[in-house]
>>> print(open('final34.txt').read())   # compact mmCIF, C-alpha atoms
# COMPACT_ATOMS: atom_id res chain seq x y z
CA MET A 982 302.45 -44.98 162.98
CA GLN A 983 299.82 -47.67 162.62
CA SER A 984 299.18 -48.59 158.99
CA GLN A 985 295.78 -47.84 157.55
CA PRO A 986 293.53 -50.83 156.80
CA THR A 987 292.41 -51.82 153.34
CA PHE A 988 288.66 -52.18 152.89
CA VAL A 989 287.92 -55.27 150.78
CA LEU A 990 284.40 -54.95 149.39
CA VAL A 991 282.21 -57.92 148.43
CA HIS A 992 279.09 -57.34 146.33
CA GLY A 993 275.71 -59.04 146.42
CA ALA A 994 273.65 -61.01 143.92
CA PHE A 995 273.63 -59.90 140.27
CA ALA A 996 275.99 -57.08 141.24
CA ASN A 997 279.72 -56.52 140.74
CA SER A 998 282.57 -54.26 141.79
CA PHE A 999 281.15 -51.38 139.71
CA SER A 1000 278.41 -50.70 142.27
CA PHE A 1001 281.03 -49.77 144.87
CA ALA A 1002 282.60 -46.97 142.79
CA PRO A 1003 280.80 -44.07 144.57
CA LEU A 1004 281.61 -45.55 147.98
CA GLN A 1005 285.25 -46.01 147.01
CA ALA A 1006 285.44 -42.39 145.89
CA GLU A 1007 284.14 -41.23 149.26
CA LEU A 1008 286.53 -43.54 151.13
CA GLY A 1009 289.41 -42.25 149.03
CA LEU A 1010 288.52 -38.65 149.82
CA LEU A 1011 288.62 -39.59 153.50
CA GLY A 1012 292.11 -41.02 153.04
CA HIS A 1013 291.26 -44.73 152.97
CA ARG A 1014 292.20 -47.34 150.41
CA SER A 1015 289.77 -49.97 149.23
CA ALA A 1016 289.52 -52.85 146.79
CA ALA A 1017 286.18 -53.94 145.33
CA ILE A 1018 286.26 -57.59 144.32
CA ASP A 1019 284.39 -59.18 141.42
CA LEU A 1020 283.32 -62.67 142.41
CA PRO A 1021 283.79 -65.34 139.70
CA GLY A 1022 281.46 -64.77 136.76
CA HIS A 1023 280.92 -61.14 137.71
CA GLY A 1024 282.17 -57.83 136.37
CA PHE A 1025 284.10 -58.29 133.14
CA GLU A 1026 283.78 -62.06 133.57
CA ALA A 1027 279.99 -61.82 133.22
CA THR A 1028 277.97 -63.00 130.23
CA PHE A 1029 275.99 -60.34 128.34
CA SER A 1030 274.67 -62.18 125.31
CA ALA A 1031 273.53 -60.47 122.12
CA SER A 1032 269.97 -61.52 122.94
CA TYR A 1033 270.14 -59.35 126.09
CA GLN A 1034 270.73 -56.26 123.94
CA ALA A 1035 267.97 -54.27 122.20
CA PRO A 1036 265.89 -55.46 120.53
CA GLN A 1037 265.83 -58.32 122.98
CA ARG A 1038 265.23 -61.94 121.97
CA LEU A 1039 263.79 -63.47 125.13
CA ASP A 1040 263.44 -66.95 123.64
CA ALA A 1041 267.18 -67.06 123.01
CA LEU A 1042 268.01 -65.40 126.32
CA ALA A 1043 266.11 -68.16 128.11
CA THR A 1044 268.44 -70.87 126.82
CA GLU A 1045 271.85 -69.33 126.07
CA PRO A 1046 274.72 -70.49 128.32
CA GLY A 1047 276.32 -68.26 130.93
CA ALA A 1048 279.88 -68.21 132.24
CA ILE A 1049 278.72 -68.32 135.85
CA LYS A 1050 277.28 -71.82 135.49
CA GLY A 1051 279.01 -74.16 137.92
CA VAL A 1052 280.49 -71.39 140.06
CA THR A 1053 280.28 -72.38 143.72
CA LEU A 1054 280.43 -70.65 147.06
CA ALA A 1055 283.88 -72.19 147.47
CA ASP A 1056 284.97 -70.46 144.26
CA ASN A 1057 283.67 -67.15 145.60
CA ALA A 1058 285.49 -67.63 148.88
CA ALA A 1059 288.73 -68.49 147.11
CA ARG A 1060 288.54 -65.27 145.08
CA VAL A 1061 288.12 -63.16 148.22
CA ILE A 1062 290.80 -65.06 150.13
CA GLU A 1063 293.27 -64.36 147.34
CA ALA A 1064 292.46 -60.64 147.49
CA LEU A 1065 292.71 -60.55 151.29
CA ASP A 1066 296.05 -62.35 151.21
CA ARG A 1067 297.44 -59.66 148.89
CA ALA A 1068 295.90 -56.80 150.86
CA LYS A 1069 297.16 -58.17 154.18
CA ARG A 1070 300.74 -57.60 153.04
CA ASN A 1071 300.08 -53.86 153.31
CA GLY A 1072 298.50 -53.86 156.77
CA PRO A 1073 295.15 -54.62 158.41
CA THR A 1074 292.11 -55.61 156.37
CA VAL A 1075 288.43 -54.88 156.83
CA LEU A 1076 286.13 -57.23 154.91
CA VAL A 1077 282.87 -55.48 153.97
CA ALA A 1078 279.98 -57.49 152.54
CA HIS A 1079 276.57 -56.49 151.22
CA SER A 1080 273.46 -58.61 150.75
CA ARG A 1081 274.26 -62.09 149.36
CA GLY A 1082 277.93 -61.20 149.66
CA GLY A 1083 277.57 -61.91 153.37
CA ILE A 1084 277.36 -65.63 152.60
CA THR A 1085 280.74 -65.44 150.89
CA ALA A 1086 282.23 -63.29 153.64
CA THR A 1087 281.11 -65.78 156.27
CA ALA A 1088 282.64 -68.68 154.33
CA VAL A 1089 285.89 -66.73 154.01
CA ALA A 1090 285.94 -65.96 157.73
CA ASN A 1091 285.29 -69.62 158.54
CA ALA A 1092 288.27 -70.64 156.42
CA ARG A 1093 290.83 -67.85 156.98
CA PRO A 1094 290.14 -65.71 160.03
CA ASP A 1095 293.84 -64.81 160.11
CA LEU A 1096 293.38 -62.63 157.03
CA ILE A 1097 290.61 -60.43 158.48
CA ASP A 1098 290.98 -57.77 161.17
CA ARG A 1099 287.31 -56.80 161.12
CA ILE A 1100 284.31 -58.07 159.19
CA VAL A 1101 281.45 -55.70 158.35
CA TYR A 1102 278.03 -56.87 157.19
CA VAL A 1103 275.91 -54.16 155.56
CA SER A 1104 272.39 -55.59 155.53
CA ALA A 1105 274.10 -58.81 154.51
CA TRP A 1106 273.31 -62.46 155.07
CA CYS A 1107 275.06 -63.85 158.13
CA PRO A 1108 273.63 -67.37 158.48
CA VAL A 1109 274.01 -68.75 161.99
CA ASP A 1110 271.16 -70.96 163.19
CA LEU A 1111 269.66 -71.68 159.75
CA ASP A 1112 270.71 -72.04 156.14
CA VAL A 1113 269.89 -68.91 154.10
CA SER A 1114 267.01 -70.61 152.30
CA ALA A 1115 265.41 -71.58 155.61
CA TYR A 1116 265.28 -67.99 156.83
CA TYR A 1117 262.78 -67.26 154.06
CA GLY A 1118 260.26 -69.44 155.88
CA GLN A 1119 260.58 -67.54 159.15
CA PRO A 1120 258.08 -64.97 160.49
CA GLU A 1121 260.60 -62.14 160.11
CA MET A 1122 260.41 -62.59 156.33
CA ALA A 1123 256.60 -62.67 156.20
CA ASP A 1124 256.29 -59.19 154.68
CA VAL A 1125 258.91 -59.72 152.00
CA ASP A 1126 257.55 -59.84 148.46
CA ALA A 1127 258.72 -63.28 147.38
CA GLY A 1128 257.93 -62.42 143.78
CA ALA A 1129 259.84 -59.14 143.66
CA LEU A 1130 262.43 -60.58 141.30
CA ALA A 1131 260.14 -63.11 139.65
CA GLY A 1132 258.86 -60.69 137.03
CA THR A 1133 262.35 -60.26 135.64
CA MET A 1134 263.39 -63.93 135.66
CA VAL A 1135 264.12 -65.68 132.37
CA GLY A 1136 264.57 -69.37 131.63
CA ASP A 1137 264.68 -72.45 133.86
CA PRO A 1138 267.45 -72.28 136.48
CA ALA A 1139 267.68 -76.09 136.57
CA GLU A 1140 268.35 -76.22 132.83
CA LEU A 1141 270.55 -73.13 132.68
CA GLY A 1142 272.52 -74.05 135.80
CA LEU A 1143 272.21 -70.46 136.98
CA LEU A 1144 269.74 -67.72 137.85
CA ARG A 1145 268.99 -65.29 135.01
CA ALA A 1146 267.16 -61.98 135.29
CA ASN A 1147 266.21 -59.56 132.54
CA PHE A 1148 267.05 -56.22 134.14
CA ARG A 1149 266.51 -54.53 130.78
CA THR A 1150 262.81 -55.36 130.76
CA ALA A 1151 260.32 -52.58 130.09
CA ASP A 1152 257.59 -54.34 132.07
CA ALA A 1153 256.42 -51.59 134.41
CA SER A 1154 254.92 -53.94 137.01
CA ALA A 1155 258.05 -56.09 137.17
CA LEU A 1156 260.26 -53.03 137.58
CA ALA A 1157 257.97 -51.54 140.23
CA ALA A 1158 258.02 -54.74 142.29
CA PHE A 1159 261.79 -54.97 142.14
CA ARG A 1160 262.24 -51.29 142.95
CA ASN A 1161 259.94 -51.55 145.99
CA ALA A 1162 262.07 -54.40 147.27
CA VAL A 1163 265.50 -52.82 146.92
CA ALA A 1164 265.29 -49.10 146.14
CA ALA A 1165 261.96 -47.54 147.07
CA ASP A 1166 263.69 -44.39 148.31
CA LEU A 1167 265.69 -43.74 145.12
CA THR A 1168 264.52 -41.54 142.26
CA ASP A 1169 263.44 -43.12 138.99
CA ASP A 1170 266.71 -42.10 137.36
CA GLU A 1171 268.81 -43.37 140.26
CA PHE A 1172 267.01 -46.69 140.22
CA ARG A 1173 267.35 -47.18 136.46
CA THR A 1174 270.99 -46.14 136.56
CA PHE A 1175 271.74 -48.70 139.25
CA LEU A 1176 269.75 -51.29 137.33
CA ASN A 1177 272.13 -50.83 134.42
CA THR A 1178 275.07 -51.84 136.61
CA PHE A 1179 273.47 -55.23 137.31
CA GLN A 1180 274.35 -58.30 135.28
CA PRO A 1181 271.77 -60.87 134.20
CA ASP A 1182 273.31 -64.05 135.66
CA GLU A 1183 273.93 -65.26 139.22
CA ASN A 1184 275.18 -68.60 140.53
CA LEU A 1185 272.96 -71.09 142.33
CA ASP A 1186 275.14 -71.99 145.33
CA ALA A 1187 273.97 -70.17 148.47
CA GLY A 1188 275.81 -72.52 150.82
CA THR A 1189 274.88 -75.32 153.18
CA THR A 1190 274.83 -75.94 156.91
CA ASP A 1191 278.63 -76.24 156.82
CA ASP A 1192 278.85 -72.64 155.60
CA ARG A 1193 277.11 -71.08 158.60
CA ALA A 1194 279.15 -68.94 160.97
CA GLN A 1195 281.53 -71.10 163.02
CA ALA A 1196 282.45 -69.99 166.52
CA ALA A 1197 286.02 -71.31 166.46
CA THR A 1198 287.08 -69.35 163.37
CA TRP A 1199 284.56 -66.75 162.20
CA GLY A 1200 283.71 -66.10 165.85
CA ARG A 1201 287.24 -64.84 166.65
CA ILE A 1202 287.02 -61.84 164.31
CA PRO A 1203 285.82 -58.43 165.54
CA ARG A 1204 282.61 -57.73 163.68
CA THR A 1205 280.19 -54.95 162.85
CA TYR A 1206 276.65 -55.18 161.52
CA VAL A 1207 275.30 -52.13 159.71
CA ARG A 1208 271.50 -52.24 159.79
CA LEU A 1209 269.58 -50.60 156.94
CA THR A 1210 266.32 -49.33 158.37
CA ALA A 1211 264.16 -49.37 155.23
CA ASP A 1212 265.44 -52.55 153.60
CA ALA A 1213 262.40 -54.37 152.21
CA SER A 1214 264.36 -57.31 150.77
CA LEU A 1215 266.27 -58.15 153.96
CA PRO A 1216 264.01 -56.60 156.60
CA LEU A 1217 265.27 -55.08 159.82
CA ALA A 1218 263.69 -57.94 161.79
CA VAL A 1219 265.81 -60.47 159.91
CA GLN A 1220 268.95 -58.37 160.27
CA ASP A 1221 268.32 -58.14 164.01
CA ARG A 1222 267.64 -61.86 164.27
CA MET A 1223 270.97 -62.73 162.67
CA ILE A 1224 272.72 -60.29 165.01
CA ARG A 1225 271.10 -61.99 168.04
CA GLU A 1226 271.97 -65.46 166.80
CA ALA A 1227 275.57 -64.49 166.15
CA ASP A 1228 275.93 -62.88 169.56
CA ALA A 1229 274.53 -66.00 171.20
CA LEU A 1230 277.06 -68.11 169.28
CA THR A 1231 280.01 -66.06 170.55
CA PRO A 1232 278.84 -64.06 173.61
CA ASP A 1233 282.39 -62.92 174.33
CA ASN A 1234 282.68 -61.36 170.88
CA THR A 1235 279.42 -59.68 169.91
CA PHE A 1236 278.46 -57.49 166.98
CA ASP A 1237 279.21 -53.79 167.08
CA VAL A 1238 275.84 -52.64 165.72
CA ARG A 1239 275.41 -49.51 163.61
CA THR A 1240 272.42 -48.18 161.70
CA LEU A 1241 271.99 -46.28 158.44
CA GLU A 1242 268.73 -44.92 157.10
CA GLY A 1243 267.52 -46.18 153.76
CA SER A 1244 266.77 -49.07 151.46
CA HIS A 1245 268.91 -52.00 150.34
CA LEU A 1246 270.68 -49.92 147.69
CA ARG A 1247 270.52 -46.34 148.95
CA TRP A 1248 273.85 -46.53 150.83
CA LEU A 1249 275.62 -47.32 147.55
CA VAL A 1250 273.98 -44.48 145.60
CA HIS A 1251 274.39 -41.94 148.42
CA PRO A 1252 277.52 -43.35 150.10
CA LYS A 1253 278.82 -40.46 152.22
CA PRO A 1254 277.25 -41.65 155.52
CA ALA A 1255 278.44 -45.21 154.92
CA ALA A 1256 281.95 -44.04 154.05
CA GLU A 1257 282.12 -41.96 157.22
CA LEU A 1258 280.90 -44.94 159.26
CA LEU A 1259 283.55 -47.21 157.75
CA ALA A 1260 286.24 -44.57 158.22
CA GLY A 1261 285.31 -44.43 161.90
CA LEU A 1262 285.76 -48.19 162.18
CA ALA A 1263 289.18 -47.89 160.55
CA GLU A 1264 290.25 -45.30 163.10
CA ARG A 1265 289.39 -47.74 165.89
>>> encode(input="final34.txt", output="C-alpha cells")
Amino acid sequence: MQSQPTFVLVHGAFANSFSFAPLQAELGLLGHRSAAIDLPGHGFEATFSASYQAPQRLDALATEPGAIKGVTLADNAARVIEALDRAKRNGPTVLVAHSRGGITATAVANARPDLIDRIVYVSAWCPVDLDVSAYYGQPEMADVDAGALAGTMVGDPAELGLLRANFRTADASALAAFRNAVAADLTDDEFRTFLNTFQPDENLDAGTTDDRAQAATWGRIPRTYVRLTADASLPLAVQDRMIREADALTPDNTFDVRTLEGSHLRWLVHPKPAAELLAGLAER
C-alpha cells in the first residue's frame, strides 16, 4: 500500500500556522495528515507589544523592536526544509504555499527538490521572469490597490527593520481598503475574525533574482497552481502570467492548473473545496 503524503503548509505575509486550522480539519476528516509551519518570527515567535493592545499607543508601536527584524528568505527556507526533512521520513510530501509563502516555497524547491513530491501554489507568488517587486510594475497589476495595506502601516520600515501593520485599527476606510483587497466576499464577522489571526510584523526580504524558479532544481518537481478567481491582491492575470512563464521555463514539466472561486482568503475560511482539491492531488 502506497503511503499517504504529508501536506506541508506555508503561510503568507503577516499570517501564521493558525490560519490553516480549518483547512487542516477538513484534510484530517478526509484522512490526510498535514503540518502547518510557522516561518521564523511568526506564530508564537511573533512580537505583540503592549502598545498593540487596547488602548493602543501608536507612537510607541511605531518604534518598538520586533523579533522578526533581520529574518531573511534563507531563514524561512531553512525552517521549511527542516520540516520537509522530518515529514519525508514518513512518506511523500506535498508542499502547499499561499500568497507570499510562494516565494519561500520556490526558494525551498530550488535548494532541495529531493524533499518535495509535489509543490502547490494557491494564488501564491512564483517568480520566474521577474523579481516579485518588479511584477508590481507590470500591466497585470494595474488594477491592484497599491495602498490597500497602507492605511494600516505603522512606523518606518527602514528604521524598524521590518514591516509593521496595525490590524487592530478602528479606521473604517483603512479596514475597507484592506478587506476589498483580500476578503471582499467574506462577511464582516469572518473578515474581522481572520484579521485577529494576523500578526503585526513581517520581514523585509522578498528575495532576489537568485531566488526565482530554477529549471534544474525547482523545475524537476511536479507542480500545481490553484487559481483564485476573485483575488484582488494577486489578480488572476498575474497568476496566469506566472503559470505561463513557469511553463515556458520547463515545457516538459508544466503546471497542473486548478481553479477555486473566491478571494485571497476565502479558501481558508471556507476550506472544504480546497481540501477536496488537495485530497485529489494526494490520490494521484
>>> residues_around(input="final34.txt", residues="range 1171-1178 of chain A", least_positions_apart="5", cutoff="8 Å", atoms="all atoms listed in the file", output="short mmCIF file (atom, residue, chain, number, x, y, z; two decimals) with C-alpha atoms, in the frame of the given file")
data_model
loop_
_atom_site.label_atom_id
_atom_site.label_comp_id
_atom_site.auth_asym_id
_atom_site.auth_seq_id
_atom_site.Cartn_x
_atom_site.Cartn_y
_atom_site.Cartn_z
CA ALA A 996 275.99 -57.08 141.24
CA ASN A 997 279.72 -56.52 140.74
CA PHE A 999 281.15 -51.38 139.71
CA SER A 1000 278.41 -50.70 142.27
CA PHE A 1148 267.05 -56.22 134.14
CA ARG A 1149 266.51 -54.53 130.78
CA ARG A 1160 262.24 -51.29 142.95
CA ALA A 1164 265.29 -49.10 146.14
CA VAL A 1250 273.98 -44.48 145.60
#
>>> closest_residue(input="final34.txt", among="A:Ala1031, A:Ala994, A:Ala1041, A:Leu1259", to="Leu1185 in chain A", atoms="all atoms listed in the file")
A:Ala994
>>> closest_atom_pairs(input="final34.txt", of="range 1088-1176 of chain A", to="range 1050-1056 of chain A", cutoff="10 Å", atoms="only C-alpha atoms", output="tab-separated table")
residue	atom	partner	partner_atom	distance
A:Ala1088	CA	A:Ala1055	CA	7.8
A:Val1089	CA	A:Ala1055	CA	8.8
A:Pro1138	CA	A:Lys1050	CA	9.9
A:Leu1141	CA	A:Lys1050	CA	7.4
A:Gly1142	CA	A:Lys1050	CA	5.3
A:Leu1143	CA	A:Lys1050	CA	5.5
A:Leu1144	CA	A:Lys1050	CA	8.9
>>> atom_distance(input="final34.txt", atom1="CA of Val1103 in chain A", atom2="CA of Thr1205 in chain A")
8.5 Å
>>> residues_near_point(input="final34.txt", point="(278.7, -57.2, 161.3)", cutoff="7 Å", atoms="all atoms listed in the file", output="ChimeraX atom specification")
/A:1100-1102,1204-1207,1236-1238
>>> write_last_selection(input="final34.txt", atoms="C-alpha atoms", output="compact mmCIF listing (two decimals), keeping the file's coordinate frame")
# COMPACT_ATOMS: atom_id res chain seq x y z
CA ILE A 1100 284.31 -58.07 159.19
CA VAL A 1101 281.45 -55.70 158.35
CA TYR A 1102 278.03 -56.87 157.19
CA ARG A 1204 282.61 -57.73 163.68
CA THR A 1205 280.19 -54.95 162.85
CA TYR A 1206 276.65 -55.18 161.52
CA VAL A 1207 275.30 -52.13 159.71
CA PHE A 1236 278.46 -57.49 166.98
CA ASP A 1237 279.21 -53.79 167.08
CA VAL A 1238 275.84 -52.64 165.72
>>> residues_around(input="final34.txt", residues="Trp1248 in chain A", least_positions_apart="4", cutoff="12 Å", atoms="all atoms listed in the file", output="number ranges by chain")
A: 1000-1004, 1007, 1079, 1103-1104, 1163-1164, 1166-1167, 1175, 1207-1212, 1240-1244, 1252-1259
>>> write_last_selection(input="final34.txt", atoms="C-alpha atoms", output="PDB file, keeping the file's coordinate frame")
ATOM      1  CA  SER A1000     278.410 -50.700 142.270  1.00  0.00           C
ATOM      2  CA  PHE A1001     281.030 -49.770 144.870  1.00  0.00           C
ATOM      3  CA  ALA A1002     282.600 -46.970 142.790  1.00  0.00           C
ATOM      4  CA  PRO A1003     280.800 -44.070 144.570  1.00  0.00           C
ATOM      5  CA  LEU A1004     281.610 -45.550 147.980  1.00  0.00           C
ATOM      6  CA  GLU A1007     284.140 -41.230 149.260  1.00  0.00           C
ATOM      7  CA  HIS A1079     276.570 -56.490 151.220  1.00  0.00           C
ATOM      8  CA  VAL A1103     275.910 -54.160 155.560  1.00  0.00           C
ATOM      9  CA  SER A1104     272.390 -55.590 155.530  1.00  0.00           C
ATOM     10  CA  VAL A1163     265.500 -52.820 146.920  1.00  0.00           C
ATOM     11  CA  ALA A1164     265.290 -49.100 146.140  1.00  0.00           C
ATOM     12  CA  ASP A1166     263.690 -44.390 148.310  1.00  0.00           C
ATOM     13  CA  LEU A1167     265.690 -43.740 145.120  1.00  0.00           C
ATOM     14  CA  PHE A1175     271.740 -48.700 139.250  1.00  0.00           C
ATOM     15  CA  VAL A1207     275.300 -52.130 159.710  1.00  0.00           C
ATOM     16  CA  ARG A1208     271.500 -52.240 159.790  1.00  0.00           C
ATOM     17  CA  LEU A1209     269.580 -50.600 156.940  1.00  0.00           C
ATOM     18  CA  THR A1210     266.320 -49.330 158.370  1.00  0.00           C
ATOM     19  CA  ALA A1211     264.160 -49.370 155.230  1.00  0.00           C
ATOM     20  CA  ASP A1212     265.440 -52.550 153.600  1.00  0.00           C
ATOM     21  CA  THR A1240     272.420 -48.180 161.700  1.00  0.00           C
ATOM     22  CA  LEU A1241     271.990 -46.280 158.440  1.00  0.00           C
ATOM     23  CA  GLU A1242     268.730 -44.920 157.100  1.00  0.00           C
ATOM     24  CA  GLY A1243     267.520 -46.180 153.760  1.00  0.00           C
ATOM     25  CA  SER A1244     266.770 -49.070 151.460  1.00  0.00           C
ATOM     26  CA  PRO A1252     277.520 -43.350 150.100  1.00  0.00           C
ATOM     27  CA  LYS A1253     278.820 -40.460 152.220  1.00  0.00           C
ATOM     28  CA  PRO A1254     277.250 -41.650 155.520  1.00  0.00           C
ATOM     29  CA  ALA A1255     278.440 -45.210 154.920  1.00  0.00           C
ATOM     30  CA  ALA A1256     281.950 -44.040 154.050  1.00  0.00           C
ATOM     31  CA  GLU A1257     282.120 -41.960 157.220  1.00  0.00           C
ATOM     32  CA  LEU A1258     280.900 -44.940 159.260  1.00  0.00           C
ATOM     33  CA  LEU A1259     283.550 -47.210 157.750  1.00  0.00           C
TER      34      LEU A1259
END
>>> residues_around(input="final34.txt", residues="range 1121-1135 of chain A", least_positions_apart="2", cutoff="6 Å", atoms="all atoms listed in the file", output="number ranges by chain")
A: 1043, 1117, 1119, 1145-1147, 1155, 1158-1159, 1218-1219
>>> closest_residue(input="final34.txt", among="A:Asn1071, A:Gln985, A:Ser1214, A:Asn1057", to="Ala1105 in chain A", atoms="all atoms listed in the file")
A:Ser1214
>>> closest_residue(input="final34.txt", among="A:His1023, A:Thr1168, A:Pro986, A:Phe995", to="His1251 in chain A", atoms="all atoms listed in the file")
A:Thr1168
>>> closest_residue(input="final34.txt", among="A:Ile1084, A:Ala1165, A:Leu1246, A:Ala1194", to="Ser1114 in chain A", atoms="all atoms listed in the file")
A:Ile1084
>>> atom_distance(input="final34.txt", atom1="CA of Ala1068 in chain A", atom2="CA of Gly1024 in chain A")
20.0 Å
>>> closest_residue(input="final34.txt", among="A:Ser1032, A:Ala1027, A:Leu990, A:Arg1081", to="Ala1064 in chain A", atoms="only C-alpha atoms")
A:Leu990
>>> atom_distance(input="final34.txt", atom1="CA of Leu1039 in chain A", atom2="CA of Gly1136 in chain A")
8.8 Å
>>> residues_near_point(input="final34.txt", point="(273.0, -62.6, 125.2)", cutoff="10 Å", atoms="only C-alpha atoms", output="ChimeraX atom specification")
/A:1028-1034,1037-1039,1041-1047,1181
>>> closest_atom_pairs(input="final34.txt", of="range 1047-1106 of chain A", to="range 1197-1202 of chain A", cutoff="6 Å", atoms="all atoms listed in the file", output="CSV")
residue,atom,partner,partner_atom,distance
A:Ala1090,CA,A:Trp1199,CA,4.7
A:Asn1091,CA,A:Trp1199,CA,4.7
A:Pro1094,CA,A:Thr1198,CA,5.8
A:Arg1099,CA,A:Ile1202,CA,6.0
